[in-house]
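First the structure, in the form of structure tokens, and then the observations on it.
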Amino acid sequence: MKKFYTIVFFLTLLLLFILFVPTTKEHAVICESSSDYSKVYLGDKLYKIKLQKQYPIGTIIDYKYNFFRILKVTEVSPLKERIMIKNRDFYDLEKLGQLKLSKHPYYYYLDKNNRLTTCTDKKLIVGQNNIKSYTDKKNNLKTFIITPVDFSYMRVGISNNNFNSLYHDDIEITCMEDSLLYNFRENFSLKLPKSSKVNLKKTDDEIIFTVHNEKKVLKSRSYLKGNNLKIDSLKRGNPHFIPCYSGIIEFTSSKDGILMTNEVNIEDYLCKVVPSEMPSSGGIESLKCQAIAARTYAISDMLQNRFSNLGFYVDDSTQSQVYNNIETNTLANDAVRTTSGLIMTYNNTPIDAKYYSSSSGMATAYEDVWFNSDGTSENKKYYFNGSYVYGENKIPASEADWLNFYKNKDLKTIDSDSPYFRWYAYFPKKNLEKSLNKSLKMIFNKRKDFIEVIQNNKKIDNVPELSNLKNISIAERSKFGNIICISFEFSNATVNVKGDLNIRNAIRCNKDFSGETIPIVRHKKDPLLNNNFLPSSFFSVDKVKDGFKIYGGGYGHGVGMSQFGAIELSKNSKKYNEILNKFYKDVSIDKIY
């Protein structure tokens with residue numbers, strides 16, 4: 001009996017503990033609030049609770065409660081500053097610096113209609129003022145409230161002179177107007193009058209700024225704000241010119257050099273993209289197409305967080321779209337201004353507006369150019385696929401048909417006046433063997449999942465010294481003519497290469513690879529000399545005595561807008577919306593600001 005009473009006693013104590021001893025909940029996010037009850041998110045779960053007062057949607061609270069009621073509510077204060085870099089383990093805040101992420105961070109989106117939903121870190125865009133961050137008791141970042149993105153500006157990574165690196169050792173700048181040099185974390189600010197010169201040099205993890213012969217060492221992110229900042233240490237274009245930038249230029253030190261980011265109004269950005277990507281001789285309507293496509297592309301890249309680990313949205317090279325490599329002009333500026341805020345959307349989402357120089361007469365599918373090593377790809381249905389040939393639109397069905405197609409210079413298409421519409425290159429066997437020995441090893445080291453080496457009917461894990469190139473065959477070609485997989489058959493191994501850029505990079509035409517310059521003969525204008533890669537993967541291979549002839553068409557990947565095609569349609573009095581609908585299907589042109 002005594003044992004029974006002991007059990008009852010301890011059960012009673014346990015019940016009293018459960019009923020009256022308070023429990024604390026951290027980072028509850030107000031989702032709905034009324035006089036009767038509130039709904040809160042705890043992590044990704046939704047609960048209904050009774051609070052003494054109403055809180056604005058998106059408020060973060062900690063609260064203590066027992067079985068009967070909520071005992072205490074504490075409103076959590078946010079960190080209202082920009083997140084400049086996203087890393088898997090930490091985020092870099094503009095003023096506070098690096099803070100670790102908690103093991104289980106949570107993200108919430110508060111839309112323009114004041115509706116709160118859970119989301120992922122993909123909604124968190126670096127360099128935006130639309131984020132409130134909340135830390136836990138260990139000062140780790142745990143909770144994020146994200147509001148709609150501001151599309152009015154871009155953050156652009158600025159490359160070095162050859163566009164082969166984003167890092168700089170030394171930078172020289174002339175402030176063509178009054179400017180301001182500042183650093184938030186180190187509480188530094190210096191007004192710079194017109195014509196001031198600023199020199200930057202990296203040492204260890206610091207940047208030495210020299211202004212008016214006086215040095216200032218800054219360890220953290222620094223900014224130079226001005227409307228006309230001339231980067232004297234950079235050369236752009238052909239003929240060369242010294243580029244100027246507006247807005248803000250950020251400087252961040254890293255082990256590889258100084259990272260330079262230009263934060264600039266998106267329309268000013270586009271005024272330096274459009275002439276760099278399309279000649280103004282094409283006319284105003286084609287330039288409008290380029291402005292809308294470039295604006296859409298930039299915003300799509302921003303939303304994809306492509307460069308979030310570096311702190312910007314796009315870079316200034318062909319890896320994104322070329323920026324400030326041709327000086328601005330009035331016609332391109334007019335095209336940007338008259339289409340201000342216009343982008344292409346599909347199902348109310350900005351599209352990934354791919355574009356390229358000129359087609360072979362065919363437009364191919366996204367998934368036949370950008371795919372994973374296992375063949376899977378994103379499903380992007382808004383690109384036109386098919387023939388641009390006027391009249392007869394029959395698509396070649398065999399390798400012999402494709403060879404004849406790429407040899408045919410007389411086809412009439414929207415691109416047939418492009419110098420790249422048809423091209424060929426003759427490779428003596430010994431030169432191609434030399435080139436492939438070098439290029440295939442490079443691809444194997446960089447893109448191992450896209451290259452296969454077969455020796456004695458077995459896959460091997462290296463590229464041997466390859467000898468006696470016996471044949472080149474097309475292992476897989478898309479319906480619309482670009483090569484998906486190419487096979488190089490040597491006496492001692494067979495090497496299969498997949499993917500547009502890998503295939504184009506495999507067959508190098510410059511002297512460093514082949515031992516002598518292999519000209520790419522265009523059907524109009526002079527031959528291309530010392531080109532690093534083939535103009536496109538739309539080609540066929542014809543084995544001839546002592547070598548191989550490659551016949552191809554177009555320049556670029558073949559997905560989305562052909563810039564040369566847009567120019568021709570513009571010259572034929574087509575309006576920009578008609579032209580865009582030639583290359584993208586089922587898209588809307590919407591104004592987002």
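FYI, nothing fancy with the structure tokens labels: chains A, B, ... in order, residues from 1 per chain, ligands from 1 as they appear.
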* Could you give me, as an MDAnalysis selection string, the residues within 7 Å of Leu110 (chain A), counting only C-alpha atoms and dropping anything in the same chain fewer than 6 positions from it? => chainID A and resid 58 116:117 145:147
Requested write-out: C-alpha atoms of the selected residues, as a CSV table (one decimal), in the first residue's frame:
chain,number,residue,atom,x,y,z
A,58,GLY,CA,6.1,39.1,-39.1
A,116,LEU,CA,3.5,35.4,-44.2
A,117,THR,CA,4.6,32.0,-45.5
A,145,ILE,CA,11.9,37.6,-42.4
A,146,ILE,CA,12.2,38.5,-46.0
A,147,THR,CA,10.0,41.0,-47.9
Within 8 Å of Ala293 (chain A) using only C-alpha atoms, minus same-chain residues under 5 positions, as a PDB file with N, CA, C and O atoms, in the first residue's frame:
ATOM      1  N   ILE A 343      10.300  43.252 -68.442  1.00  0.00           N
ATOM      2  CA  ILE A 343      10.968  41.954 -68.479  1.00  0.00           C
ATOM      3  C   ILE A 343      10.015  40.916 -69.054  1.00  0.00           C
ATOM      4  O   ILE A 343       8.808  41.143 -69.151  1.00  0.00           O
ATOM      5  N   MET A 344      10.551  39.767 -69.421  1.00  0.00           N
ATOM      6  CA  MET A 344       9.740  38.647 -69.887  1.00  0.00           C
ATOM      7  C   MET A 344       9.454  37.698 -68.731  1.00  0.00           C
ATOM      8  O   MET A 344      10.369  37.356 -67.963  1.00  0.00           O
ATOM      9  N   ALA A 353      16.413  34.373 -69.497  1.00  0.00           N
ATOM     10  CA  ALA A 353      16.363  34.857 -70.886  1.00  0.00           C
ATOM     11  C   ALA A 353      17.691  34.634 -71.605  1.00  0.00           C
ATOM     12  O   ALA A 353      18.462  35.567 -71.819  1.00  0.00           O
ATOM     13  N   LYS A 354      17.952  33.408 -71.998  1.00  0.00           N
ATOM     14  CA  LYS A 354      19.182  33.106 -72.727  1.00  0.00           C
ATOM     15  C   LYS A 354      19.168  33.788 -74.100  1.00  0.00           C
ATOM     16  O   LYS A 354      18.122  33.918 -74.737  1.00  0.00           O
ATOM     17  N   TYR A 355      20.344  34.208 -74.529  1.00  0.00           N
ATOM     18  CA  TYR A 355      20.506  34.721 -75.890  1.00  0.00           C
ATOM     19  C   TYR A 355      21.920  34.428 -76.350  1.00  0.00           C
ATOM     20  O   TYR A 355      22.799  34.085 -75.551  1.00  0.00           O
TER      21      TYR A 355
END
* Asked: Could you pull the residues within 7 Å of region 476-493 of chain A, counting only C-alpha atoms, minus those fewer than 4 positions along the same chain, as a list of chain:residue names?
  -> A:Met362, A:Ala363, A:Thr364, A:Asp368, A:Gly386, A:Val453, A:Ile454, A:Gln455, A:Leu466, A:Ser467, A:Asn468, A:Leu469, A:Lys470, A:Asn471, A:Ile472, A:Val497, A:Lys498, A:Gly499, A:Asp500, A:Ser537, A:Phe538, A:Phe539
* Name the residues of region 252-473 of chain A that come out as strand (DSSP E) in a backbone DSSP run; write them as a PyMOL selection string. => chain A and resi 252-254+257-265+314-315+342-346+349-350+355-356+362-363+386-387+423-428+451-455+458-460+469-473
* To do: Could you give me, as a VMD selection string, the residues within 12 Å of region 515-524 of chain A, counting only C-alpha atoms and dropping anything in the same chain fewer than 3 positions from it?
  => chain A and resid 406 to 410 416 to 438 507 to 512 527 to 536 548 to 555
* Contacts of Glu177 (chain A) at 9 Å (only C-alpha atoms; same-chain gap of 2+ positions) as a PyMOL selection string -> chain A and resi 174-175+179+192-196+226-229
Selection to disk with C-alpha atoms, as a short mmCIF file (atom, residue, chain, number, x, y, z; two decimals), in the first residue's frame:
data_model
loop_
_atom_site.label_atom_id
_atom_site.label_comp_id
_atom_site.auth_asym_id
_atom_site.auth_seq_id
_atom_site.Cartn_x
_atom_site.Cartn_y
_atom_site.Cartn_z
CA THR A 174 40.28 58.66 -60.77
CA CYS A 175 37.18 60.31 -59.28
CA SER A 179 33.11 61.22 -54.36
CA LEU A 192 37.21 63.14 -52.22
CA PRO A 193 37.08 66.22 -54.44
CA LYS A 194 36.86 65.98 -58.22
CA SER A 195 40.04 64.62 -59.89
CA SER A 196 41.15 62.75 -56.75
CA GLY A 226 30.50 58.56 -57.05
CA ASN A 227 28.80 59.19 -60.37
CA ASN A 228 31.84 58.91 -62.60
CA LEU A 229 34.58 56.63 -61.29
#
* Asked: When you draw a straight line from CA of Asn385 (chain A) to CA of Phe583 (chain A), how long is it in Å?
  ->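 CA of Phe583 (chain A) lies 8.3 Å from CA of Asn385 (chain A).
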* To do: Provide the CA of Ser308 (chain A) to CA of Lys86 (chain A) distance in Å, to one decimal place.
  =>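 Atom-to-atom, CA of Ser308 (chain A) to CA of Lys86 (chain A), that is 5.5 Å.
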* To do: Give me the residues within 7 Å of Val126 (chain A) as a PyMOL selection string, counting only C-alpha atoms and dropping any in the same chain fewer than 4 places off.
  => chain A and resi 83-85+308+311
* Skipping near chain neighbours, those fewer than 6 positions away, what residues fall within 12 Å of region 564-576 of chain A using only C-alpha atoms, listed as a count of residues only? -> 51
* For Leu270 (chain A), which of A:Phe307, A:Tyr383, A:Tyr323, A:Tyr65 is the closest residue, counting only C-alpha atoms? ->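 Distance minimum relative to Leu270 (chain A) lands on A:Tyr323.
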